[in-house]
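Student: Have a peek at work.cif (mmCIF, N, CA and C atoms).
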```cif
data_target
loop_
_atom_site.label_atom_id
_atom_site.label_comp_id
_atom_site.auth_asym_id
_atom_site.auth_seq_id
_atom_site.Cartn_x
_atom_site.Cartn_y
_atom_site.Cartn_z
N MET A 246 -0.86 7.69 -1.87
CA MET A 246 -1.58 7.95 -0.65
C MET A 246 -1.87 9.44 -0.56
N LYS A 247 -2.94 9.75 0.13
CA LYS A 247 -3.33 11.14 0.33
C LYS A 247 -2.60 11.66 1.56
N LEU A 248 -1.82 12.69 1.35
CA LEU A 248 -1.01 13.27 2.41
C LEU A 248 -1.76 14.44 3.04
N ASN A 249 -1.69 14.54 4.36
CA ASN A 249 -2.28 15.68 5.07
C ASN A 249 -1.25 16.81 5.03
N VAL A 250 -1.32 17.61 3.96
CA VAL A 250 -0.32 18.64 3.70
C VAL A 250 -0.29 19.68 4.81
N LYS A 251 -1.45 20.06 5.33
CA LYS A 251 -1.49 21.06 6.42
C LYS A 251 -0.73 20.55 7.64
N LYS A 252 -0.92 19.27 7.95
CA LYS A 252 -0.25 18.70 9.12
C LYS A 252 1.26 18.61 8.88
N VAL A 253 1.66 18.22 7.67
CA VAL A 253 3.09 18.15 7.34
C VAL A 253 3.71 19.54 7.48
N SER A 254 3.04 20.56 6.94
CA SER A 254 3.56 21.93 7.02
C SER A 254 3.65 22.40 8.47
N ARG A 255 2.63 22.07 9.27
CA ARG A 255 2.64 22.47 10.68
C ARG A 255 3.81 21.80 11.42
N ILE A 256 4.02 20.52 11.18
CA ILE A 256 5.12 19.81 11.84
C ILE A 256 6.46 20.38 11.39
N MET A 257 6.57 20.67 10.09
CA MET A 257 7.81 21.28 9.60
C MET A 257 8.07 22.61 10.28
N ASP A 258 7.02 23.43 10.44
CA ASP A 258 7.16 24.72 11.12
C ASP A 258 7.60 24.52 12.57
N GLU A 259 6.95 23.57 13.26
CA GLU A 259 7.29 23.30 14.67
C GLU A 259 8.74 22.87 14.81
N LYS A 260 9.23 22.12 13.85
CA LYS A 260 10.61 21.61 13.91
C LYS A 260 11.59 22.52 13.19
N ARG A 261 11.06 23.66 12.72
CA ARG A 261 11.87 24.66 12.02
C ARG A 261 12.63 24.02 10.84
N MET A 262 11.88 23.26 10.05
CA MET A 262 12.47 22.60 8.88
C MET A 262 11.94 23.26 7.61
N SER A 263 12.83 23.47 6.66
CA SER A 263 12.44 24.04 5.37
C SER A 263 12.18 22.91 4.38
N ASN A 264 11.61 23.26 3.25
CA ASN A 264 11.43 22.27 2.19
C ASN A 264 12.77 21.67 1.78
N GLU A 265 13.79 22.51 1.73
CA GLU A 265 15.13 22.05 1.35
C GLU A 265 15.66 21.03 2.36
N ASP A 266 15.40 21.25 3.65
CA ASP A 266 15.82 20.29 4.68
C ASP A 266 15.17 18.93 4.44
N VAL A 267 13.87 18.95 4.19
CA VAL A 267 13.14 17.70 3.98
C VAL A 267 13.64 17.00 2.73
N CYS A 268 13.85 17.77 1.67
CA CYS A 268 14.35 17.18 0.42
C CYS A 268 15.72 16.54 0.63
N PHE A 269 16.61 17.25 1.30
CA PHE A 269 17.95 16.74 1.54
C PHE A 269 17.91 15.44 2.34
N LYS A 270 17.10 15.41 3.39
CA LYS A 270 17.07 14.25 4.29
C LYS A 270 16.27 13.08 3.73
N THR A 271 15.32 13.35 2.82
CA THR A 271 14.52 12.26 2.25
C THR A 271 15.08 11.75 0.93
N GLY A 272 15.88 12.61 0.27
CA GLY A 272 16.38 12.24 -1.05
C GLY A 272 15.40 12.60 -2.16
N LEU A 273 14.28 13.26 -1.80
CA LEU A 273 13.32 13.70 -2.81
C LEU A 273 13.85 14.96 -3.49
N SER A 274 13.60 15.09 -4.77
CA SER A 274 13.99 16.32 -5.45
C SER A 274 13.05 17.44 -5.01
N ALA A 275 13.51 18.67 -5.17
CA ALA A 275 12.68 19.82 -4.80
C ALA A 275 11.40 19.82 -5.62
N LYS A 276 11.51 19.49 -6.90
CA LYS A 276 10.34 19.47 -7.78
C LYS A 276 9.34 18.42 -7.31
N SER A 277 9.82 17.22 -6.94
CA SER A 277 8.92 16.16 -6.46
C SER A 277 8.23 16.56 -5.16
N PHE A 278 9.01 17.11 -4.23
CA PHE A 278 8.43 17.49 -2.94
C PHE A 278 7.41 18.62 -3.11
N GLU A 279 7.70 19.57 -3.98
CA GLU A 279 6.74 20.65 -4.26
C GLU A 279 5.45 20.07 -4.85
N TRP A 280 5.58 19.11 -5.77
CA TRP A 280 4.40 18.48 -6.37
C TRP A 280 3.57 17.78 -5.30
N ILE A 281 4.25 17.06 -4.40
CA ILE A 281 3.56 16.36 -3.32
C ILE A 281 2.78 17.36 -2.46
N LEU A 282 3.41 18.47 -2.10
CA LEU A 282 2.75 19.47 -1.26
C LEU A 282 1.60 20.16 -2.00
N GLU A 283 1.74 20.38 -3.29
CA GLU A 283 0.68 21.03 -4.06
C GLU A 283 -0.51 20.11 -4.29
N ASN A 284 -0.23 18.84 -4.57
CA ASN A 284 -1.29 17.91 -4.95
C ASN A 284 -1.80 17.04 -3.81
N GLY A 285 -0.97 16.89 -2.77
CA GLY A 285 -1.40 16.13 -1.60
C GLY A 285 -1.32 14.62 -1.75
N TYR A 286 -0.63 14.15 -2.78
CA TYR A 286 -0.49 12.70 -2.98
C TYR A 286 0.97 12.32 -3.02
N ALA A 287 1.28 11.14 -2.47
CA ALA A 287 2.65 10.64 -2.48
C ALA A 287 2.62 9.12 -2.42
N SER A 288 3.66 8.50 -2.91
CA SER A 288 3.78 7.05 -2.79
C SER A 288 4.00 6.70 -1.32
N ILE A 289 3.74 5.47 -0.95
CA ILE A 289 3.96 5.07 0.45
C ILE A 289 5.43 5.23 0.82
N ASP A 290 6.31 4.99 -0.13
CA ASP A 290 7.75 5.15 0.12
C ASP A 290 8.06 6.61 0.48
N ALA A 291 7.52 7.55 -0.29
CA ALA A 291 7.76 8.97 -0.01
C ALA A 291 7.14 9.36 1.33
N VAL A 292 5.93 8.87 1.61
CA VAL A 292 5.28 9.16 2.90
C VAL A 292 6.14 8.65 4.05
N GLU A 293 6.66 7.43 3.91
CA GLU A 293 7.50 6.86 4.98
C GLU A 293 8.77 7.67 5.17
N ARG A 294 9.39 8.10 4.07
CA ARG A 294 10.61 8.90 4.18
C ARG A 294 10.33 10.26 4.83
N ILE A 295 9.23 10.88 4.43
CA ILE A 295 8.87 12.18 5.02
C ILE A 295 8.57 11.99 6.51
N ALA A 296 7.83 10.94 6.86
CA ALA A 296 7.51 10.66 8.27
C ALA A 296 8.78 10.42 9.07
N ASP A 297 9.74 9.69 8.51
CA ASP A 297 11.01 9.43 9.21
C ASP A 297 11.75 10.73 9.50
N VAL A 298 11.80 11.62 8.51
CA VAL A 298 12.50 12.89 8.68
C VAL A 298 11.80 13.76 9.72
N LEU A 299 10.47 13.73 9.70
CA LEU A 299 9.71 14.54 10.66
C LEU A 299 9.61 13.86 12.03
N LYS A 300 10.09 12.62 12.10
CA LYS A 300 10.06 11.83 13.34
C LYS A 300 8.63 11.64 13.86
N VAL A 301 7.74 11.25 12.93
CA VAL A 301 6.36 10.94 13.28
C VAL A 301 5.99 9.62 12.62
N ASP A 302 4.90 9.03 13.08
CA ASP A 302 4.38 7.82 12.46
C ASP A 302 3.71 8.20 11.14
N ALA A 303 3.83 7.35 10.14
CA ALA A 303 3.22 7.63 8.84
C ALA A 303 1.72 7.87 8.96
N ASN A 304 1.07 7.18 9.91
CA ASN A 304 -0.37 7.38 10.14
C ASN A 304 -0.71 8.84 10.44
N GLN A 305 0.23 9.55 11.04
CA GLN A 305 -0.04 10.91 11.47
C GLN A 305 -0.05 11.92 10.34
N ILE A 306 0.53 11.57 9.20
CA ILE A 306 0.61 12.56 8.12
C ILE A 306 -0.18 12.16 6.87
N ILE A 307 -0.95 11.09 6.97
CA ILE A 307 -1.81 10.73 5.84
C ILE A 307 -3.26 10.97 6.23
N THR A 308 -4.09 11.07 5.24
CA THR A 308 -5.51 11.22 5.47
C THR A 308 -6.22 10.09 4.76
N ASP A 309 -7.35 9.69 5.31
CA ASP A 309 -8.05 8.56 4.72
C ASP A 309 -9.24 8.99 3.86
N ASP A 310 -9.20 10.20 3.36
CA ASP A 310 -10.32 10.67 2.54
C ASP A 310 -10.02 10.57 1.04
N PHE A 311 -9.35 9.50 0.62
CA PHE A 311 -9.00 9.36 -0.78
C PHE A 311 -10.01 8.53 -1.56
N GLY A 312 -11.23 8.44 -1.04
CA GLY A 312 -12.28 7.80 -1.81
C GLY A 312 -12.52 6.36 -1.42
N GLU A 313 -11.66 5.78 -0.67
CA GLU A 313 -11.81 4.41 -0.20
C GLU A 313 -12.15 3.42 -1.31
N ASN A 314 -11.50 3.58 -2.42
CA ASN A 314 -11.69 2.63 -3.49
C ASN A 314 -10.37 2.21 -4.11
N GLU A 315 -9.28 2.51 -3.42
CA GLU A 315 -7.96 2.17 -3.96
C GLU A 315 -7.48 0.83 -3.43
N ASN A 316 -7.09 -0.02 -4.36
CA ASN A 316 -6.36 -1.23 -4.07
C ASN A 316 -5.11 -1.14 -4.92
N VAL A 317 -3.95 -1.10 -4.26
CA VAL A 317 -2.71 -0.83 -4.98
C VAL A 317 -1.64 -1.82 -4.56
N ILE A 318 -0.88 -2.30 -5.54
CA ILE A 318 0.34 -3.06 -5.28
C ILE A 318 1.45 -2.26 -5.95
N GLU A 319 2.44 -1.87 -5.15
CA GLU A 319 3.48 -0.97 -5.64
C GLU A 319 4.85 -1.55 -5.27
N PHE A 320 5.73 -1.61 -6.27
CA PHE A 320 7.10 -2.03 -6.00
C PHE A 320 8.01 -1.53 -7.10
N LEU A 321 9.27 -1.36 -6.76
CA LEU A 321 10.26 -0.92 -7.72
C LEU A 321 10.94 -2.11 -8.35
N LYS A 322 11.41 -1.93 -9.56
CA LYS A 322 12.13 -2.98 -10.27
C LYS A 322 13.29 -3.48 -9.40
N ASP A 323 13.44 -4.79 -9.33
CA ASP A 323 14.51 -5.46 -8.57
C ASP A 323 14.41 -5.25 -7.07
N SER A 324 13.28 -4.79 -6.58
CA SER A 324 13.08 -4.60 -5.14
C SER A 324 12.64 -5.91 -4.50
N ASP A 325 13.02 -6.12 -3.26
CA ASP A 325 12.61 -7.31 -2.52
C ASP A 325 11.29 -7.10 -1.80
N ARG A 326 10.84 -5.83 -1.69
CA ARG A 326 9.65 -5.51 -0.91
C ARG A 326 8.62 -4.77 -1.75
N ALA A 327 7.37 -5.18 -1.59
CA ALA A 327 6.25 -4.50 -2.26
C ALA A 327 5.37 -3.87 -1.19
N THR A 328 4.68 -2.82 -1.57
CA THR A 328 3.74 -2.15 -0.68
C THR A 328 2.34 -2.37 -1.22
N LEU A 329 1.44 -2.79 -0.34
CA LEU A 329 0.04 -3.03 -0.70
C LEU A 329 -0.83 -2.01 0.00
N THR A 330 -1.83 -1.53 -0.68
CA THR A 330 -2.86 -0.70 -0.07
C THR A 330 -4.20 -1.32 -0.46
N PHE A 331 -4.97 -1.75 0.53
CA PHE A 331 -6.25 -2.40 0.25
C PHE A 331 -7.37 -1.76 1.04
N CYS A 332 -8.51 -1.59 0.37
CA CYS A 332 -9.71 -1.11 1.04
C CYS A 332 -10.81 -2.17 1.03
N GLN A 333 -10.63 -3.24 0.26
CA GLN A 333 -11.63 -4.30 0.19
C GLN A 333 -11.42 -5.31 1.31
N GLY A 334 -12.53 -5.65 1.95
CA GLY A 334 -12.48 -6.53 3.12
C GLY A 334 -11.76 -7.85 2.90
N ARG A 335 -12.00 -8.52 1.78
CA ARG A 335 -11.38 -9.83 1.58
C ARG A 335 -9.86 -9.73 1.52
N PHE A 336 -9.33 -8.64 0.95
CA PHE A 336 -7.88 -8.47 0.89
C PHE A 336 -7.33 -8.04 2.25
N ILE A 337 -8.07 -7.19 2.96
CA ILE A 337 -7.64 -6.75 4.29
C ILE A 337 -7.55 -7.95 5.23
N THR A 338 -8.57 -8.80 5.21
CA THR A 338 -8.58 -9.99 6.05
C THR A 338 -7.39 -10.88 5.72
N ARG A 339 -7.13 -11.06 4.43
CA ARG A 339 -6.01 -11.91 4.00
C ARG A 339 -4.68 -11.34 4.49
N VAL A 340 -4.48 -10.04 4.35
CA VAL A 340 -3.23 -9.41 4.79
C VAL A 340 -3.08 -9.53 6.31
N ARG A 341 -4.16 -9.33 7.05
CA ARG A 341 -4.07 -9.45 8.52
C ARG A 341 -3.68 -10.87 8.94
N LYS A 342 -4.27 -11.87 8.29
CA LYS A 342 -3.93 -13.27 8.61
C LYS A 342 -2.47 -13.56 8.26
N LEU A 343 -2.02 -13.05 7.12
CA LEU A 343 -0.61 -13.26 6.74
C LEU A 343 0.33 -12.58 7.73
N ALA A 344 -0.02 -11.38 8.17
CA ALA A 344 0.83 -10.64 9.12
C ALA A 344 0.94 -11.38 10.46
N GLU A 345 -0.11 -12.09 10.85
CA GLU A 345 -0.07 -12.87 12.09
C GLU A 345 0.87 -14.06 11.99
N SER A 346 0.98 -14.63 10.80
CA SER A 346 1.74 -15.87 10.61
C SER A 346 3.14 -15.67 10.02
N TYR A 347 3.35 -14.56 9.32
CA TYR A 347 4.62 -14.36 8.63
C TYR A 347 5.22 -13.00 9.01
N PRO A 348 6.42 -13.01 9.61
CA PRO A 348 7.03 -11.73 10.00
C PRO A 348 7.40 -10.86 8.80
N GLU A 349 7.56 -11.47 7.62
CA GLU A 349 7.89 -10.67 6.44
C GLU A 349 6.70 -9.89 5.89
N CYS A 350 5.51 -10.16 6.42
CA CYS A 350 4.31 -9.39 6.08
C CYS A 350 4.05 -8.43 7.23
N GLN A 351 4.21 -7.14 6.97
CA GLN A 351 4.08 -6.14 8.03
C GLN A 351 3.01 -5.12 7.67
N ILE A 352 2.04 -4.97 8.53
CA ILE A 352 1.04 -3.92 8.33
C ILE A 352 1.65 -2.61 8.81
N VAL A 353 1.73 -1.65 7.89
CA VAL A 353 2.38 -0.37 8.17
C VAL A 353 1.37 0.65 8.69
N VAL A 354 0.18 0.69 8.07
CA VAL A 354 -0.83 1.67 8.43
C VAL A 354 -2.19 0.99 8.42
N GLU A 355 -2.98 1.25 9.46
CA GLU A 355 -4.39 0.87 9.49
C GLU A 355 -5.18 2.16 9.60
N ASN A 356 -5.87 2.52 8.53
CA ASN A 356 -6.62 3.77 8.50
C ASN A 356 -7.91 3.65 9.30
N LYS A 357 -8.44 4.78 9.70
CA LYS A 357 -9.70 4.81 10.44
C LYS A 357 -10.82 4.17 9.65
N SER A 358 -10.72 4.26 8.33
CA SER A 358 -11.75 3.70 7.45
C SER A 358 -11.69 2.18 7.39
N GLY A 359 -10.59 1.59 7.88
CA GLY A 359 -10.44 0.15 7.83
C GLY A 359 -9.46 -0.31 6.77
N SER A 360 -9.09 0.57 5.85
CA SER A 360 -8.12 0.18 4.82
C SER A 360 -6.75 -0.02 5.46
N VAL A 361 -5.92 -0.81 4.81
CA VAL A 361 -4.59 -1.09 5.35
C VAL A 361 -3.51 -0.87 4.30
N VAL A 362 -2.32 -0.58 4.80
CA VAL A 362 -1.12 -0.50 3.98
C VAL A 362 -0.15 -1.49 4.60
N ALA A 363 0.43 -2.36 3.77
CA ALA A 363 1.33 -3.39 4.28
C ALA A 363 2.51 -3.59 3.34
N HIS A 364 3.56 -4.18 3.88
CA HIS A 364 4.72 -4.57 3.09
C HIS A 364 4.75 -6.09 3.02
N ILE A 365 5.06 -6.61 1.83
CA ILE A 365 5.24 -8.05 1.63
C ILE A 365 6.44 -8.26 0.71
N PRO A 366 7.00 -9.46 0.68
CA PRO A 366 8.05 -9.74 -0.30
C PRO A 366 7.48 -9.72 -1.72
N THR A 367 8.23 -9.18 -2.66
CA THR A 367 7.75 -9.15 -4.05
C THR A 367 7.58 -10.55 -4.61
N SER A 368 8.28 -11.51 -4.06
CA SER A 368 8.15 -12.90 -4.55
C SER A 368 6.74 -13.45 -4.31
N TRP A 369 5.95 -12.81 -3.45
CA TRP A 369 4.59 -13.25 -3.19
C TRP A 369 3.61 -12.78 -4.25
N ILE A 370 4.02 -11.84 -5.08
CA ILE A 370 3.10 -11.27 -6.07
C ILE A 370 3.01 -12.19 -7.28
N LYS A 371 1.80 -12.53 -7.64
CA LYS A 371 1.55 -13.38 -8.80
C LYS A 371 0.35 -12.83 -9.57
N VAL A 372 0.39 -12.96 -10.86
CA VAL A 372 -0.74 -12.56 -11.70
C VAL A 372 -1.24 -13.84 -12.35
N ASN A 373 -2.38 -14.31 -11.88
CA ASN A 373 -2.94 -15.57 -12.36
C ASN A 373 -4.35 -15.36 -12.90
N PRO A 374 -4.52 -15.50 -14.22
CA PRO A 374 -5.88 -15.41 -14.73
C PRO A 374 -6.67 -16.64 -14.32
N PRO A 375 -8.00 -16.52 -14.22
CA PRO A 375 -8.80 -17.69 -13.86
C PRO A 375 -8.78 -18.73 -14.98
N LYS A 376 -8.94 -19.98 -14.59
CA LYS A 376 -8.99 -21.05 -15.60
C LYS A 376 -10.32 -20.94 -16.35
N ARG A 377 -10.25 -21.24 -17.63
CA ARG A 377 -11.46 -21.22 -18.46
C ARG A 377 -11.79 -22.65 -18.87
N TYR A 378 -13.03 -23.02 -18.67
CA TYR A 378 -13.48 -24.35 -19.02
C TYR A 378 -14.59 -24.26 -20.06
N THR A 379 -14.59 -25.22 -20.96
CA THR A 379 -15.69 -25.29 -21.93
C THR A 379 -16.90 -25.89 -21.22
N ALA A 380 -18.05 -25.78 -21.85
CA ALA A 380 -19.28 -26.35 -21.28
C ALA A 380 -19.11 -27.86 -21.09
N GLU A 381 -18.45 -28.50 -22.04
CA GLU A 381 -18.21 -29.96 -21.96
C GLU A 381 -17.33 -30.29 -20.76
N GLN A 382 -16.26 -29.52 -20.54
CA GLN A 382 -15.36 -29.77 -19.41
C GLN A 382 -16.10 -29.57 -18.08
N ARG A 383 -16.95 -28.52 -17.99
CA ARG A 383 -17.71 -28.28 -16.77
C ARG A 383 -18.69 -29.43 -16.51
N ALA A 384 -19.30 -29.93 -17.55
CA ALA A 384 -20.24 -31.05 -17.41
C ALA A 384 -19.51 -32.29 -16.89
N LYS A 385 -18.34 -32.58 -17.43
CA LYS A 385 -17.56 -33.74 -16.97
C LYS A 385 -17.14 -33.58 -15.51
N MET A 386 -16.72 -32.34 -15.13
CA MET A 386 -16.34 -32.12 -13.74
C MET A 386 -17.55 -32.31 -12.82
N GLY A 387 -18.71 -31.83 -13.25
CA GLY A 387 -19.94 -32.02 -12.49
C GLY A 387 -20.27 -33.47 -12.30
N GLU A 388 -20.11 -34.27 -13.36
CA GLU A 388 -20.36 -35.71 -13.27
C GLU A 388 -19.43 -36.37 -12.26
N ARG A 389 -18.15 -36.01 -12.32
CA ARG A 389 -17.17 -36.58 -11.37
C ARG A 389 -17.53 -36.21 -9.94
N LEU A 390 -17.94 -34.97 -9.73
CA LEU A 390 -18.34 -34.54 -8.38
C LEU A 390 -19.53 -35.33 -7.88
N ASN A 391 -20.51 -35.52 -8.75
CA ASN A 391 -21.72 -36.29 -8.36
C ASN A 391 -21.39 -37.74 -8.04
N ARG A 392 -20.47 -38.33 -8.81
CA ARG A 392 -20.06 -39.73 -8.55
C ARG A 392 -19.34 -39.86 -7.22
N ASN A 393 -18.54 -38.87 -6.88
CA ASN A 393 -17.72 -38.94 -5.66
C ASN A 393 -18.48 -38.45 -4.43
N ALA A 394 -19.66 -37.90 -4.61
CA ALA A 394 -20.40 -37.37 -3.47
C ALA A 394 -21.12 -38.43 -2.68
#
```
Go through the file and emit its structure as structure tokens.
Tutor:
Amino acid sequence: MKLNVKKVSRIMDEKRMSNEDVCFKTGLSAKSFEWILENGYASIDAVERIADVLKVDANQIITDDFGENENVIEFLKDSDRATLTFCQGRFITRVRKLAESYPECQIVVENKSGSVVAHIPTSWIKVNPPKRYTAEQRAKMGERLNRNA
């Protein structure tokens, strides 16, 4: 995610927090936190930890100017929770519907651009290639459809 580094620095100044304070409380190494501040990018996990330490909502320290073309599924090995970032409408709609019906699907951030960040159980993640049919198989399926119509 694209972090609003100026805003993070301003909040840290207001709260009289040093980089070392943030590192200690978030568990981020000094090198990682410096990289985040220099480059302006962080994982959703790091953003959430930084937001918790600064006592602000994650929405307040991210920016939505990251090109609006990112669709990301992120999770750690053996983790029960995955983080999704979607900018495509069909995925956003799907996540919103799931969040309405399942408490384990939580929308964390809704950006001004319409993109969303959500948490879901990792057990929901599947990689399924589309089925491939030969021309003969498609013809037979078409015939069955026509007979049943």
Student: Write out as a VMD selection string all residues of stretch 291-361 of chain A that DSSP puts in alpha helix (DSSP H) for this structure's backbone.
Tutor: chain A and resid 291 to 299 334 to 346
Student: Applied to this file, what does the PyMOL selection byres (((chain A and resi 304-308 and name CA) around 10) and name CA) return in terms of residues, put as a PDB file with N, CA and C atoms, keeping the file's coordinate frame?
Tutor:
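Output saved as expr_29.pdb:
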```
ATOM      1  N   MET A 246      -0.860   7.690  -1.870  1.00  0.00           N
ATOM      2  CA  MET A 246      -1.580   7.950  -0.650  1.00  0.00           C
ATOM      3  C   MET A 246      -1.870   9.440  -0.560  1.00  0.00           C
ATOM      4  N   LYS A 247      -2.940   9.750   0.130  1.00  0.00           N
ATOM      5  CA  LYS A 247      -3.330  11.140   0.330  1.00  0.00           C
ATOM      6  C   LYS A 247      -2.600  11.660   1.560  1.00  0.00           C
ATOM      7  N   LEU A 248      -1.820  12.690   1.350  1.00  0.00           N
ATOM      8  CA  LEU A 248      -1.010  13.270   2.410  1.00  0.00           C
ATOM      9  C   LEU A 248      -1.760  14.440   3.040  1.00  0.00           C
ATOM     10  N   ASN A 249      -1.690  14.540   4.360  1.00  0.00           N
ATOM     11  CA  ASN A 249      -2.280  15.680   5.070  1.00  0.00           C
ATOM     12  C   ASN A 249      -1.250  16.810   5.030  1.00  0.00           C
ATOM     13  N   VAL A 250      -1.320  17.610   3.960  1.00  0.00           N
ATOM     14  CA  VAL A 250      -0.320  18.640   3.700  1.00  0.00           C
ATOM     15  C   VAL A 250      -0.290  19.680   4.810  1.00  0.00           C
ATOM     16  N   LYS A 251      -1.450  20.060   5.330  1.00  0.00           N
ATOM     17  CA  LYS A 251      -1.490  21.060   6.420  1.00  0.00           C
ATOM     18  C   LYS A 251      -0.730  20.550   7.640  1.00  0.00           C
ATOM     19  N   LYS A 252      -0.920  19.270   7.950  1.00  0.00           N
ATOM     20  CA  LYS A 252      -0.250  18.700   9.120  1.00  0.00           C
ATOM     21  C   LYS A 252       1.260  18.610   8.880  1.00  0.00           C
ATOM     22  N   VAL A 253       1.660  18.220   7.670  1.00  0.00           N
ATOM     23  CA  VAL A 253       3.090  18.150   7.340  1.00  0.00           C
ATOM     24  C   VAL A 253       3.710  19.540   7.480  1.00  0.00           C
ATOM     25  N   SER A 254       3.040  20.560   6.940  1.00  0.00           N
ATOM     26  CA  SER A 254       3.560  21.930   7.020  1.00  0.00           C
ATOM     27  C   SER A 254       3.650  22.400   8.470  1.00  0.00           C
ATOM     28  N   ILE A 256       4.020  20.520  11.180  1.00  0.00           N
ATOM     29  CA  ILE A 256       5.120  19.810  11.840  1.00  0.00           C
ATOM     30  C   ILE A 256       6.460  20.380  11.390  1.00  0.00           C
ATOM     31  N   GLY A 285      -0.970  16.890  -2.770  1.00  0.00           N
ATOM     32  CA  GLY A 285      -1.400  16.130  -1.600  1.00  0.00           C
ATOM     33  C   GLY A 285      -1.320  14.620  -1.750  1.00  0.00           C
ATOM     34  N   TYR A 286      -0.630  14.150  -2.780  1.00  0.00           N
ATOM     35  CA  TYR A 286      -0.490  12.700  -2.980  1.00  0.00           C
ATOM     36  C   TYR A 286       0.970  12.320  -3.020  1.00  0.00           C
ATOM     37  N   ALA A 287       1.280  11.140  -2.470  1.00  0.00           N
ATOM     38  CA  ALA A 287       2.650  10.640  -2.480  1.00  0.00           C
ATOM     39  C   ALA A 287       2.620   9.120  -2.420  1.00  0.00           C
ATOM     40  N   ILE A 289       3.740   5.470  -0.950  1.00  0.00           N
ATOM     41  CA  ILE A 289       3.960   5.070   0.450  1.00  0.00           C
ATOM     42  C   ILE A 289       5.430   5.230   0.820  1.00  0.00           C
ATOM     43  N   VAL A 292       5.930   8.870   1.610  1.00  0.00           N
ATOM     44  CA  VAL A 292       5.280   9.160   2.900  1.00  0.00           C
ATOM     45  C   VAL A 292       6.140   8.650   4.050  1.00  0.00           C
ATOM     46  N   GLU A 293       6.660   7.430   3.910  1.00  0.00           N
ATOM     47  CA  GLU A 293       7.500   6.860   4.980  1.00  0.00           C
ATOM     48  C   GLU A 293       8.770   7.670   5.170  1.00  0.00           C
ATOM     49  N   ILE A 295       9.230  10.880   4.430  1.00  0.00           N
ATOM     50  CA  ILE A 295       8.870  12.180   5.020  1.00  0.00           C
ATOM     51  C   ILE A 295       8.570  11.990   6.510  1.00  0.00           C
ATOM     52  N   ALA A 296       7.830  10.940   6.860  1.00  0.00           N
ATOM     53  CA  ALA A 296       7.510  10.660   8.270  1.00  0.00           C
ATOM     54  C   ALA A 296       8.780  10.420   9.070  1.00  0.00           C
ATOM     55  N   LEU A 299      10.470  13.730   9.700  1.00  0.00           N
ATOM     56  CA  LEU A 299       9.710  14.540  10.660  1.00  0.00           C
ATOM     57  C   LEU A 299       9.610  13.860  12.030  1.00  0.00           C
ATOM     58  N   VAL A 301       7.740  11.250  12.930  1.00  0.00           N
ATOM     59  CA  VAL A 301       6.360  10.940  13.280  1.00  0.00           C
ATOM     60  C   VAL A 301       5.990   9.620  12.620  1.00  0.00           C
ATOM     61  N   ASP A 302       4.900   9.030  13.080  1.00  0.00           N
ATOM     62  CA  ASP A 302       4.380   7.820  12.460  1.00  0.00           C
ATOM     63  C   ASP A 302       3.710   8.200  11.140  1.00  0.00           C
ATOM     64  N   ALA A 303       3.830   7.350  10.140  1.00  0.00           N
ATOM     65  CA  ALA A 303       3.220   7.630   8.840  1.00  0.00           C
ATOM     66  C   ALA A 303       1.720   7.870   8.960  1.00  0.00           C
ATOM     67  N   ASP A 309      -7.350   9.690   5.310  1.00  0.00           N
ATOM     68  CA  ASP A 309      -8.050   8.560   4.720  1.00  0.00           C
ATOM     69  C   ASP A 309      -9.240   8.990   3.860  1.00  0.00           C
ATOM     70  N   ASP A 310      -9.200  10.200   3.360  1.00  0.00           N
ATOM     71  CA  ASP A 310     -10.320  10.670   2.540  1.00  0.00           C
ATOM     72  C   ASP A 310     -10.020  10.570   1.040  1.00  0.00           C
ATOM     73  N   PHE A 311      -9.350   9.500   0.620  1.00  0.00           N
ATOM     74  CA  PHE A 311      -9.000   9.360  -0.780  1.00  0.00           C
ATOM     75  C   PHE A 311     -10.010   8.530  -1.560  1.00  0.00           C
ATOM     76  N   VAL A 353       1.730  -1.650   7.890  1.00  0.00           N
ATOM     77  CA  VAL A 353       2.380  -0.370   8.170  1.00  0.00           C
ATOM     78  C   VAL A 353       1.370   0.650   8.690  1.00  0.00           C
ATOM     79  N   VAL A 354       0.180   0.690   8.070  1.00  0.00           N
ATOM     80  CA  VAL A 354      -0.830   1.670   8.430  1.00  0.00           C
ATOM     81  C   VAL A 354      -2.190   0.990   8.420  1.00  0.00           C
ATOM     82  N   GLU A 355      -2.980   1.250   9.460  1.00  0.00           N
ATOM     83  CA  GLU A 355      -4.390   0.870   9.490  1.00  0.00           C
ATOM     84  C   GLU A 355      -5.180   2.160   9.600  1.00  0.00           C
ATOM     85  N   ASN A 356      -5.870   2.520   8.530  1.00  0.00           N
ATOM     86  CA  ASN A 356      -6.620   3.770   8.500  1.00  0.00           C
ATOM     87  C   ASN A 356      -7.910   3.650   9.300  1.00  0.00           C
ATOM     88  N   LYS A 357      -8.440   4.780   9.700  1.00  0.00           N
ATOM     89  CA  LYS A 357      -9.700   4.810  10.440  1.00  0.00           C
ATOM     90  C   LYS A 357     -10.820   4.170   9.650  1.00  0.00           C
ATOM     91  N   SER A 358     -10.720   4.260   8.330  1.00  0.00           N
ATOM     92  CA  SER A 358     -11.750   3.700   7.450  1.00  0.00           C
ATOM     93  C   SER A 358     -11.690   2.180   7.390  1.00  0.00           C
TER      94      SER A 358
END
```
Student: Write down as a PyMOL selection string the residues belonging to chain A that are assigned strand (DSSP E or B) by DSSP computed on the backbone.
Tutor: chain A and resi 247-248+286+307+317-319+326-331+351-355+361-366
Student: Written as a PyMOL selection string, what is the full residue list that the PyMOL selection byres ((chain A and resi 323-330) around 6) yields on the file shown?
Tutor: chain A and resi 315-322+331-332+361-368
Student: Go ahead and compute the interatomic distance for atom CA of A:Ser346 and atom CA of A:Gly334, in Å to one decimal.
Tutor: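 If I compute the distance from atom CA of A:Ser346 to atom CA of A:Gly334, I get 18.6 Å.
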Student: Expressed in Å to a single decimal, how great is the separation between atom CA of A:Leu282 and atom N of A:Met262?
Tutor: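 Value for the atom CA of A:Leu282-atom N of A:Met262 distance: 15.0 Å.
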Student: Using 6 Å of padding on each side, determine the axis-aligned box around all atoms of stretch 373-378 of chain A present in the file and give its centre and edge lengths in Å to one decimal, as lines of an AutoDock Vina configuration file.
Tutor:
```
center_x = -8.5
center_y = -19.3
center_z = -16.0
size_x = 24.2
size_y = 22.0
size_z = 20.2
```
